[in-house]
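To be precise, the following lines are entry24.cif, and they hold mmCIF, N, CA and C atoms.
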data_input
#
loop_
_atom_site.label_atom_id
_atom_site.label_comp_id
_atom_site.auth_asym_id
_atom_site.auth_seq_id
_atom_site.Cartn_x
_atom_site.Cartn_y
_atom_site.Cartn_z
N MET Z 21 0.83 -1.17 0.00
CA MET Z 21 0.00 0.00 0.00
C MET Z 21 0.88 1.23 0.00
N GLY Z 22 0.47 2.25 -0.74
CA GLY Z 22 1.19 3.49 -0.72
C GLY Z 22 0.56 4.52 -1.63
N PHE Z 23 0.89 5.72 -1.37
CA PHE Z 23 0.45 6.79 -2.25
C PHE Z 23 1.53 7.85 -2.33
N TRP Z 24 1.50 8.59 -3.39
CA TRP Z 24 2.46 9.66 -3.61
C TRP Z 24 1.78 10.75 -4.43
N PHE Z 25 2.39 11.93 -4.38
CA PHE Z 25 1.82 13.09 -5.05
C PHE Z 25 2.85 13.76 -5.93
N GLU Z 26 2.35 14.31 -7.02
CA GLU Z 26 3.16 15.06 -7.96
C GLU Z 26 2.41 16.36 -8.26
N PHE Z 27 3.15 17.35 -8.75
CA PHE Z 27 2.54 18.64 -9.03
C PHE Z 27 3.09 19.19 -10.34
N ASP Z 28 2.20 19.70 -11.16
CA ASP Z 28 2.56 20.40 -12.40
C ASP Z 28 2.46 21.89 -12.10
N PRO Z 29 3.59 22.57 -11.88
CA PRO Z 29 3.55 23.97 -11.50
C PRO Z 29 3.05 24.91 -12.61
N THR Z 30 3.21 24.51 -13.86
CA THR Z 30 2.73 25.35 -14.96
C THR Z 30 1.22 25.38 -15.01
N ASN Z 31 0.60 24.21 -14.95
CA ASN Z 31 -0.86 24.11 -15.01
C ASN Z 31 -1.51 24.12 -13.64
N LYS Z 32 -0.68 24.06 -12.58
CA LYS Z 32 -1.15 24.02 -11.19
C LYS Z 32 -2.10 22.86 -10.94
N ILE Z 33 -1.66 21.67 -11.38
CA ILE Z 33 -2.45 20.46 -11.22
C ILE Z 33 -1.77 19.55 -10.20
N LEU Z 34 -2.53 19.12 -9.20
CA LEU Z 34 -2.06 18.14 -8.23
C LEU Z 34 -2.46 16.76 -8.73
N LEU Z 35 -1.51 15.84 -8.75
CA LEU Z 35 -1.76 14.47 -9.16
C LEU Z 35 -1.41 13.56 -7.99
N GLY Z 36 -2.41 12.86 -7.48
CA GLY Z 36 -2.19 11.89 -6.41
C GLY Z 36 -2.40 10.49 -6.95
N ARG Z 37 -1.49 9.60 -6.63
CA ARG Z 37 -1.61 8.21 -7.11
C ARG Z 37 -1.61 7.28 -5.90
N PHE Z 38 -2.46 6.27 -5.98
CA PHE Z 38 -2.55 5.27 -4.93
C PHE Z 38 -2.19 3.92 -5.53
N SER Z 39 -1.44 3.12 -4.76
CA SER Z 39 -1.01 1.81 -5.24
C SER Z 39 -1.23 0.77 -4.14
N GLY Z 40 -1.69 -0.40 -4.52
CA GLY Z 40 -1.85 -1.49 -3.56
C GLY Z 40 -3.29 -1.66 -3.12
N ARG Z 41 -3.46 -2.19 -1.92
CA ARG Z 41 -4.78 -2.47 -1.35
C ARG Z 41 -5.36 -1.20 -0.75
N LEU Z 42 -6.54 -0.82 -1.19
CA LEU Z 42 -7.22 0.38 -0.69
C LEU Z 42 -8.25 -0.05 0.35
N THR Z 43 -8.07 0.42 1.58
CA THR Z 43 -8.96 0.09 2.68
C THR Z 43 -9.61 1.37 3.20
N ASP Z 44 -10.56 1.24 4.11
CA ASP Z 44 -11.17 2.42 4.72
C ASP Z 44 -10.09 3.30 5.36
N HIS Z 45 -9.17 2.66 6.07
CA HIS Z 45 -8.11 3.41 6.76
C HIS Z 45 -7.17 4.10 5.78
N SER Z 46 -6.69 3.36 4.77
CA SER Z 46 -5.74 3.96 3.82
C SER Z 46 -6.41 5.04 2.98
N LEU Z 47 -7.71 4.87 2.68
CA LEU Z 47 -8.42 5.92 1.94
C LEU Z 47 -8.53 7.18 2.78
N ALA Z 48 -8.78 7.04 4.08
CA ALA Z 48 -8.85 8.21 4.96
C ALA Z 48 -7.49 8.93 5.01
N GLU Z 49 -6.40 8.15 5.06
CA GLU Z 49 -5.06 8.76 5.05
C GLU Z 49 -4.79 9.48 3.73
N TYR Z 50 -5.18 8.85 2.64
CA TYR Z 50 -5.01 9.45 1.30
C TYR Z 50 -5.80 10.75 1.21
N TYR Z 51 -7.05 10.74 1.68
CA TYR Z 51 -7.92 11.93 1.65
C TYR Z 51 -7.28 13.06 2.45
N SER Z 52 -6.72 12.74 3.60
CA SER Z 52 -6.05 13.74 4.43
C SER Z 52 -4.82 14.31 3.71
N ALA Z 53 -4.08 13.44 3.03
CA ALA Z 53 -2.91 13.91 2.27
C ALA Z 53 -3.32 14.78 1.09
N VAL Z 54 -4.43 14.46 0.45
CA VAL Z 54 -4.95 15.31 -0.63
C VAL Z 54 -5.19 16.72 -0.09
N ARG Z 55 -5.82 16.79 1.06
CA ARG Z 55 -6.09 18.10 1.69
C ARG Z 55 -4.78 18.85 1.93
N LYS Z 56 -3.80 18.17 2.50
CA LYS Z 56 -2.51 18.79 2.81
C LYS Z 56 -1.83 19.33 1.55
N TYR Z 57 -1.71 18.48 0.51
CA TYR Z 57 -0.98 18.89 -0.69
C TYR Z 57 -1.76 19.88 -1.55
N SER Z 58 -3.06 19.78 -1.57
CA SER Z 58 -3.83 20.74 -2.38
C SER Z 58 -3.73 22.14 -1.80
N ARG Z 59 -3.70 22.22 -0.49
CA ARG Z 59 -3.55 23.54 0.15
C ARG Z 59 -2.11 24.06 0.03
N ALA Z 60 -1.14 23.18 0.20
CA ALA Z 60 0.27 23.59 0.13
C ALA Z 60 0.65 24.08 -1.26
N THR Z 61 0.06 23.50 -2.30
CA THR Z 61 0.42 23.88 -3.67
C THR Z 61 -0.54 24.91 -4.27
N ASP Z 62 -1.67 25.14 -3.61
CA ASP Z 62 -2.73 25.99 -4.15
C ASP Z 62 -3.13 25.51 -5.55
N ALA Z 63 -3.28 24.20 -5.67
CA ALA Z 63 -3.62 23.58 -6.96
C ALA Z 63 -4.95 24.12 -7.47
N ARG Z 64 -5.03 24.35 -8.78
CA ARG Z 64 -6.27 24.81 -9.37
C ARG Z 64 -7.17 23.64 -9.78
N ALA Z 65 -6.60 22.42 -9.78
CA ALA Z 65 -7.35 21.21 -10.09
C ALA Z 65 -6.58 20.01 -9.53
N GLY Z 66 -7.31 18.91 -9.37
CA GLY Z 66 -6.67 17.71 -8.86
C GLY Z 66 -7.09 16.48 -9.64
N ILE Z 67 -6.14 15.58 -9.82
CA ILE Z 67 -6.39 14.28 -10.43
C ILE Z 67 -5.96 13.24 -9.41
N PHE Z 68 -6.87 12.33 -9.09
CA PHE Z 68 -6.60 11.34 -8.06
C PHE Z 68 -6.76 9.96 -8.68
N ASP Z 69 -5.62 9.33 -8.91
CA ASP Z 69 -5.50 8.15 -9.74
C ASP Z 69 -5.53 6.86 -8.91
N LEU Z 70 -6.53 6.03 -9.19
CA LEU Z 70 -6.68 4.74 -8.52
C LEU Z 70 -6.33 3.59 -9.46
N SER Z 71 -5.61 3.89 -10.52
CA SER Z 71 -5.27 2.87 -11.53
C SER Z 71 -4.41 1.74 -10.99
N HIS Z 72 -3.64 2.01 -9.96
CA HIS Z 72 -2.72 1.01 -9.44
C HIS Z 72 -3.23 0.32 -8.18
N VAL Z 73 -4.51 0.51 -7.88
CA VAL Z 73 -5.11 -0.19 -6.74
C VAL Z 73 -5.25 -1.66 -7.12
N THR Z 74 -4.76 -2.53 -6.27
CA THR Z 74 -4.83 -3.97 -6.54
C THR Z 74 -6.05 -4.63 -5.91
N GLU Z 75 -6.59 -3.99 -4.87
CA GLU Z 75 -7.80 -4.52 -4.22
C GLU Z 75 -8.57 -3.37 -3.59
N PHE Z 76 -9.87 -3.31 -3.85
CA PHE Z 76 -10.74 -2.32 -3.23
C PHE Z 76 -11.42 -2.96 -2.02
N ALA Z 77 -10.92 -2.64 -0.83
CA ALA Z 77 -11.50 -3.15 0.41
C ALA Z 77 -12.09 -1.97 1.18
N VAL Z 78 -12.82 -1.12 0.46
CA VAL Z 78 -13.43 0.08 1.02
C VAL Z 78 -14.93 -0.16 1.11
N SER Z 79 -15.51 0.16 2.26
CA SER Z 79 -16.95 0.00 2.40
C SER Z 79 -17.66 1.19 1.75
N THR Z 80 -18.83 0.94 1.23
CA THR Z 80 -19.62 2.03 0.63
C THR Z 80 -19.97 3.06 1.70
N GLU Z 81 -20.16 2.61 2.94
CA GLU Z 81 -20.46 3.55 4.03
C GLU Z 81 -19.30 4.53 4.24
N HIS Z 82 -18.08 4.01 4.16
CA HIS Z 82 -16.92 4.88 4.35
C HIS Z 82 -16.79 5.87 3.19
N ALA Z 83 -17.05 5.42 1.98
CA ALA Z 83 -17.02 6.33 0.82
C ALA Z 83 -18.05 7.44 1.01
N ARG Z 84 -19.23 7.10 1.50
CA ARG Z 84 -20.27 8.12 1.76
C ARG Z 84 -19.85 9.06 2.89
N ASP Z 85 -19.26 8.49 3.95
CA ASP Z 85 -18.81 9.33 5.07
C ASP Z 85 -17.77 10.35 4.60
N LEU Z 86 -16.81 9.92 3.79
CA LEU Z 86 -15.81 10.86 3.27
C LEU Z 86 -16.45 11.93 2.39
N ALA Z 87 -17.41 11.52 1.58
CA ALA Z 87 -18.08 12.47 0.69
C ALA Z 87 -18.88 13.50 1.48
N ASN Z 88 -19.30 13.15 2.68
CA ASN Z 88 -20.05 14.09 3.53
C ASN Z 88 -19.14 15.01 4.32
N GLN Z 89 -17.84 14.76 4.30
CA GLN Z 89 -16.88 15.63 4.97
C GLN Z 89 -16.58 16.85 4.10
N GLU Z 90 -15.90 17.80 4.69
CA GLU Z 90 -15.43 18.97 3.93
C GLU Z 90 -14.55 18.48 2.78
N PRO Z 91 -14.74 19.02 1.58
CA PRO Z 91 -13.90 18.59 0.45
C PRO Z 91 -12.41 18.77 0.75
N ALA Z 92 -11.62 17.83 0.28
CA ALA Z 92 -10.17 17.90 0.48
C ALA Z 92 -9.56 19.05 -0.31
N MET Z 93 -10.10 19.32 -1.50
CA MET Z 93 -9.63 20.45 -2.32
C MET Z 93 -10.41 21.70 -1.90
N PRO Z 94 -9.72 22.78 -1.54
CA PRO Z 94 -10.43 24.01 -1.20
C PRO Z 94 -11.13 24.58 -2.44
N ASP Z 95 -12.18 25.35 -2.21
CA ASP Z 95 -12.92 25.98 -3.31
C ASP Z 95 -13.37 24.96 -4.34
N SER Z 96 -13.90 23.85 -3.89
CA SER Z 96 -14.26 22.75 -4.80
C SER Z 96 -15.39 23.11 -5.76
N SER Z 97 -16.06 24.22 -5.52
CA SER Z 97 -17.09 24.64 -6.48
C SER Z 97 -16.46 25.37 -7.66
N ARG Z 98 -15.15 25.69 -7.56
CA ARG Z 98 -14.45 26.37 -8.66
C ARG Z 98 -13.23 25.60 -9.15
N ARG Z 99 -12.83 24.58 -8.41
CA ARG Z 99 -11.64 23.81 -8.77
C ARG Z 99 -12.04 22.37 -9.08
N PRO Z 100 -11.86 21.95 -10.32
CA PRO Z 100 -12.26 20.59 -10.68
C PRO Z 100 -11.35 19.52 -10.08
N SER Z 101 -11.96 18.39 -9.80
CA SER Z 101 -11.24 17.20 -9.35
C SER Z 101 -11.69 16.04 -10.21
N ILE Z 102 -10.76 15.17 -10.52
CA ILE Z 102 -11.08 14.00 -11.33
C ILE Z 102 -10.57 12.76 -10.63
N LEU Z 103 -11.46 11.80 -10.43
CA LEU Z 103 -11.09 10.49 -9.89
C LEU Z 103 -10.85 9.56 -11.07
N VAL Z 104 -9.66 9.00 -11.16
CA VAL Z 104 -9.34 8.06 -12.23
C VAL Z 104 -9.55 6.65 -11.68
N ALA Z 105 -10.51 5.95 -12.29
CA ALA Z 105 -10.86 4.61 -11.83
C ALA Z 105 -11.13 3.72 -13.05
N PRO Z 106 -10.16 2.92 -13.45
CA PRO Z 106 -10.34 2.09 -14.65
C PRO Z 106 -11.19 0.84 -14.45
N THR Z 107 -11.33 0.37 -13.20
CA THR Z 107 -12.09 -0.86 -12.97
C THR Z 107 -13.54 -0.55 -12.62
N LEU Z 108 -14.41 -1.52 -12.84
CA LEU Z 108 -15.82 -1.33 -12.52
C LEU Z 108 -16.04 -1.08 -11.03
N LEU Z 109 -15.33 -1.81 -10.18
CA LEU Z 109 -15.47 -1.61 -8.75
C LEU Z 109 -15.00 -0.22 -8.35
N GLY Z 110 -13.87 0.20 -8.88
CA GLY Z 110 -13.37 1.54 -8.60
C GLY Z 110 -14.32 2.62 -9.10
N GLN Z 111 -14.87 2.41 -10.28
CA GLN Z 111 -15.83 3.37 -10.83
C GLN Z 111 -17.09 3.43 -9.96
N GLY Z 112 -17.52 2.28 -9.45
CA GLY Z 112 -18.70 2.25 -8.59
C GLY Z 112 -18.48 3.03 -7.30
N LEU Z 113 -17.34 2.82 -6.66
CA LEU Z 113 -17.03 3.57 -5.43
C LEU Z 113 -16.87 5.06 -5.72
N ALA Z 114 -16.23 5.37 -6.84
CA ALA Z 114 -16.07 6.78 -7.23
C ALA Z 114 -17.43 7.42 -7.48
N ARG Z 115 -18.33 6.68 -8.09
CA ARG Z 115 -19.67 7.20 -8.38
C ARG Z 115 -20.46 7.42 -7.09
N ILE Z 116 -20.34 6.52 -6.13
CA ILE Z 116 -20.99 6.72 -4.82
C ILE Z 116 -20.48 7.99 -4.17
N PHE Z 117 -19.16 8.18 -4.21
CA PHE Z 117 -18.55 9.39 -3.66
C PHE Z 117 -19.05 10.63 -4.40
N GLN Z 118 -19.11 10.55 -5.72
CA GLN Z 118 -19.54 11.68 -6.54
C GLN Z 118 -21.00 12.06 -6.24
N ILE Z 119 -21.88 11.09 -6.21
CA ILE Z 119 -23.30 11.37 -5.97
C ILE Z 119 -23.52 11.92 -4.56
N THR Z 120 -22.90 11.29 -3.57
CA THR Z 120 -23.07 11.72 -2.18
C THR Z 120 -22.53 13.12 -1.96
N GLY Z 121 -21.42 13.45 -2.58
CA GLY Z 121 -20.80 14.76 -2.37
C GLY Z 121 -21.12 15.80 -3.43
N ALA Z 122 -22.14 15.57 -4.22
CA ALA Z 122 -22.44 16.46 -5.36
C ALA Z 122 -22.67 17.91 -4.94
N GLN Z 123 -23.27 18.13 -3.79
CA GLN Z 123 -23.55 19.51 -3.36
C GLN Z 123 -22.27 20.29 -3.09
N THR Z 124 -21.27 19.64 -2.52
CA THR Z 124 -20.04 20.35 -2.17
C THR Z 124 -18.91 20.15 -3.18
N ARG Z 125 -19.11 19.24 -4.12
CA ARG Z 125 -18.09 18.97 -5.15
C ARG Z 125 -18.74 18.92 -6.53
N PRO Z 126 -19.31 20.02 -6.98
CA PRO Z 126 -20.05 19.99 -8.25
C PRO Z 126 -19.17 19.76 -9.48
N LEU Z 127 -17.86 19.95 -9.37
CA LEU Z 127 -16.97 19.79 -10.52
C LEU Z 127 -16.22 18.46 -10.50
N LEU Z 128 -16.60 17.56 -9.59
CA LEU Z 128 -15.96 16.25 -9.52
C LEU Z 128 -16.39 15.40 -10.71
N GLN Z 129 -15.39 14.83 -11.39
CA GLN Z 129 -15.64 13.95 -12.53
C GLN Z 129 -14.94 12.61 -12.31
N ILE Z 130 -15.34 11.63 -13.09
CA ILE Z 130 -14.71 10.31 -13.06
C ILE Z 130 -14.16 10.02 -14.45
N ALA Z 131 -12.92 9.55 -14.50
CA ALA Z 131 -12.29 9.20 -15.77
C ALA Z 131 -11.80 7.76 -15.68
N LYS Z 132 -11.65 7.12 -16.85
CA LYS Z 132 -11.17 5.73 -16.88
C LYS Z 132 -9.66 5.62 -16.92
N ASN Z 133 -8.98 6.72 -17.30
CA ASN Z 133 -7.51 6.72 -17.31
C ASN Z 133 -7.00 8.15 -17.18
N VAL Z 134 -5.72 8.28 -16.94
CA VAL Z 134 -5.12 9.59 -16.70
C VAL Z 134 -5.19 10.47 -17.95
N ASP Z 135 -5.01 9.88 -19.14
CA ASP Z 135 -5.10 10.67 -20.37
C ASP Z 135 -6.48 11.30 -20.53
N GLU Z 136 -7.51 10.56 -20.17
CA GLU Z 136 -8.88 11.09 -20.21
C GLU Z 136 -9.02 12.25 -19.21
N ALA Z 137 -8.40 12.13 -18.06
CA ALA Z 137 -8.42 13.21 -17.07
C ALA Z 137 -7.70 14.45 -17.59
N PHE Z 138 -6.54 14.25 -18.22
CA PHE Z 138 -5.81 15.38 -18.80
C PHE Z 138 -6.68 16.08 -19.85
N ALA Z 139 -7.32 15.31 -20.69
CA ALA Z 139 -8.18 15.89 -21.74
C ALA Z 139 -9.33 16.67 -21.13
N ALA Z 140 -9.93 16.15 -20.06
CA ALA Z 140 -11.05 16.84 -19.41
C ALA Z 140 -10.63 18.18 -18.84
N LEU Z 141 -9.36 18.28 -18.43
CA LEU Z 141 -8.83 19.54 -17.90
C LEU Z 141 -8.20 20.42 -18.98
N GLY Z 142 -8.13 19.91 -20.19
CA GLY Z 142 -7.53 20.67 -21.28
C GLY Z 142 -6.02 20.76 -21.20
N ILE Z 143 -5.38 19.74 -20.63
CA ILE Z 143 -3.92 19.72 -20.48
C ILE Z 143 -3.32 18.90 -21.61
N ARG Z 144 -2.37 19.48 -22.33
CA ARG Z 144 -1.74 18.77 -23.45
C ARG Z 144 -0.40 18.16 -23.07
N SER Z 145 0.45 18.92 -22.44
CA SER Z 145 1.80 18.44 -22.11
C SER Z 145 2.11 18.71 -20.64
N PRO Z 146 1.54 17.90 -19.77
CA PRO Z 146 1.81 18.14 -18.34
C PRO Z 146 3.25 17.78 -17.98
N HIS Z 147 3.77 18.46 -17.00
CA HIS Z 147 5.09 18.15 -16.49
C HIS Z 147 4.99 18.10 -14.96
N PHE Z 148 4.88 16.88 -14.45
CA PHE Z 148 4.71 16.69 -13.02
C PHE Z 148 6.05 16.47 -12.34
N GLU Z 149 6.16 17.07 -11.16
CA GLU Z 149 7.34 16.92 -10.32
C GLU Z 149 6.91 16.29 -9.02
N PRO Z 150 7.69 15.35 -8.47
CA PRO Z 150 7.31 14.71 -7.21
C PRO Z 150 7.25 15.69 -6.05
N LEU Z 151 6.30 15.47 -5.16
CA LEU Z 151 6.20 16.23 -3.92
C LEU Z 151 6.62 15.31 -2.77
N GLU Z 152 7.20 15.88 -1.75
CA GLU Z 152 7.61 15.06 -0.59
C GLU Z 152 6.52 15.08 0.45
#
Would you put the structure from the file into structure tokens?
Amino acid sequence: MGFWFEFDPTNKILLGRFSGRLTDHSLAEYYSAVRKYSRATDARAGIFDLSHVTEFAVSTEHARDLANQEPAMPDSSRRPSILVAPTLLGQGLARIFQITGAQTRPLLQIAKNVDEAFAALGIRSPHFEPLE
């Protein structure tokens, strides 16, 4: 299990990637890290990639609970976020999160891959640098 973040300073895009088994606990840690890095970078948009998740062990209740919390990205009504979920299970959990949090995250989208997320944000040549 692990996650890491990268930032494109030109486009001001935060990219978070998760790898391994995704559990209620690890998702909560990831969500907290999204909050930390989105505020530290003042990202104008975020892409949160679940392409490398090997197992989704997240309860739908936990996905709903997170969606009912304050959005991790500040100004979420003006800053788009994209959840990248290539698998049906990942897309289902992302959709639960999207529907539950629609009032506070109206610009949240779901993409099947990172290239689709880049296209949705109008990014042609991103240049991401690792964040510590």
Which centre and edge lengths in Å to one decimal define the box along x, y and z that fits every listed atom of segment 135-145 of chain Z plus 3 Å per side, as lines of an AutoDock Vina configuration file?
center_x = -4.5
center_y = 15.3
center_z = -20.3
size_x = 19.2
size_y = 16.9
size_z = 12.4
Segment 58-111 of chain Z: residues DSSP assigns to strand (DSSP E or B), reported as a list in words: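 Matching residues for strand (DSSP E or B) in segment 58-111 of chain Z are Ala65, Gly66, Ile67, Phe68, Asp69, Leu70, Ser71, His72, Val73, Thr74, Glu75, Phe76, Ala77, Ser101, Ile102, Leu103 and Val104 of chain Z.
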Can you turn the PyMOL selection byres (((chain Z and resi 100 and name CA) around 7) and name CA) into a concrete residue list for this file, as a VMD selection string? chain Z and resid 65 to 66 96 98 to 99 101 to 102 127 to 128
Per-residue DSSP, segment 24-142 of chain Z, filtered to alpha helix (DSSP H), as an NGL selection string: :Z and (44-61 or 80-87 or 108-120 or 134-141)
Using Å and a single decimal, report how far atom CA of Ser71 of chain Z sits from atom CA of Thr107 of chain Z.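 Straight-line distance from atom CA of Thr107 of chain Z to atom CA of Ser71 of chain Z works out to 7.9 Å.
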Between Z:Leu108, Z:Ala48, Z:Leu151, Z:Ala87, which one has atoms that come closest to Thr124 of chain Z, using only N, CA and C atoms? Z:Ala87
Do you have the atom N of Glu75 of chain Z-atom N of Arg41 of chain Z distance handy?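 Taking atom N of Glu75 of chain Z and atom N of Arg41 of chain Z, their separation equals 4.7 Å.
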Set the distance at 10 Å and use only C-alpha atoms: which residues neighbour Tyr57 of chain Z once local chain neighbours fewer than 5 positions away are removed? I'd like the list as an mmCIF file with N, CA and C atoms, keeping the file's coordinate frame.
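Listing of result-v9.cif after writing:
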data_model
loop_
_atom_site.group_PDB
_atom_site.id
_atom_site.type_symbol
_atom_site.label_atom_id
_atom_site.label_comp_id
_atom_site.auth_asym_id
_atom_site.auth_seq_id
_atom_site.Cartn_x
_atom_site.Cartn_y
_atom_site.Cartn_z
ATOM 1 N N PHE Z 25 2.390 11.930 -4.380
ATOM 2 C CA PHE Z 25 1.820 13.090 -5.050
ATOM 3 C C PHE Z 25 2.850 13.760 -5.930
ATOM 4 N N GLU Z 26 2.350 14.310 -7.020
ATOM 5 C CA GLU Z 26 3.160 15.060 -7.960
ATOM 6 C C GLU Z 26 2.410 16.360 -8.260
ATOM 7 N N PHE Z 27 3.150 17.350 -8.750
ATOM 8 C CA PHE Z 27 2.540 18.640 -9.030
ATOM 9 C C PHE Z 27 3.090 19.190 -10.340
ATOM 10 N N LEU Z 34 -2.530 19.120 -9.200
ATOM 11 C CA LEU Z 34 -2.060 18.140 -8.230
ATOM 12 C C LEU Z 34 -2.460 16.760 -8.730
ATOM 13 N N LEU Z 35 -1.510 15.840 -8.750
ATOM 14 C CA LEU Z 35 -1.760 14.470 -9.160
ATOM 15 C C LEU Z 35 -1.410 13.560 -7.990
ATOM 16 N N GLY Z 36 -2.410 12.860 -7.480
ATOM 17 C CA GLY Z 36 -2.190 11.890 -6.410
ATOM 18 C C GLY Z 36 -2.400 10.490 -6.950
ATOM 19 N N SER Z 52 -6.720 12.740 3.600
ATOM 20 C CA SER Z 52 -6.050 13.740 4.430
ATOM 21 C C SER Z 52 -4.820 14.310 3.710
ATOM 22 N N ASP Z 62 -1.670 25.140 -3.610
ATOM 23 C CA ASP Z 62 -2.730 25.990 -4.150
ATOM 24 C C ASP Z 62 -3.130 25.510 -5.550
ATOM 25 N N ALA Z 63 -3.280 24.200 -5.670
ATOM 26 C CA ALA Z 63 -3.620 23.580 -6.960
ATOM 27 C C ALA Z 63 -4.950 24.120 -7.470
ATOM 28 N N ALA Z 92 -11.620 17.830 0.280
ATOM 29 C CA ALA Z 92 -10.170 17.900 0.480
ATOM 30 C C ALA Z 92 -9.560 19.050 -0.310
ATOM 31 N N MET Z 93 -10.100 19.320 -1.500
ATOM 32 C CA MET Z 93 -9.630 20.450 -2.320
ATOM 33 C C MET Z 93 -10.410 21.700 -1.900
ATOM 34 N N LEU Z 151 6.300 15.470 -5.160
ATOM 35 C CA LEU Z 151 6.200 16.230 -3.920
ATOM 36 C C LEU Z 151 6.620 15.310 -2.770
ATOM 37 N N GLU Z 152 7.200 15.880 -1.750
ATOM 38 C CA GLU Z 152 7.610 15.060 -0.590
ATOM 39 C C GLU Z 152 6.520 15.080 0.450
#
Using only C-alpha atoms, which of the listed residues (Z:Arg64, Z:Arg59, Z:Val54, Z:Ser46) sits closest to Val78 of chain Z?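 Selected residue with least distance to Val78 of chain Z: Z:Ser46.
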Atom CA of Phe23 of chain Z to atom C of Gln123 of chain Z measures 26.4 Å
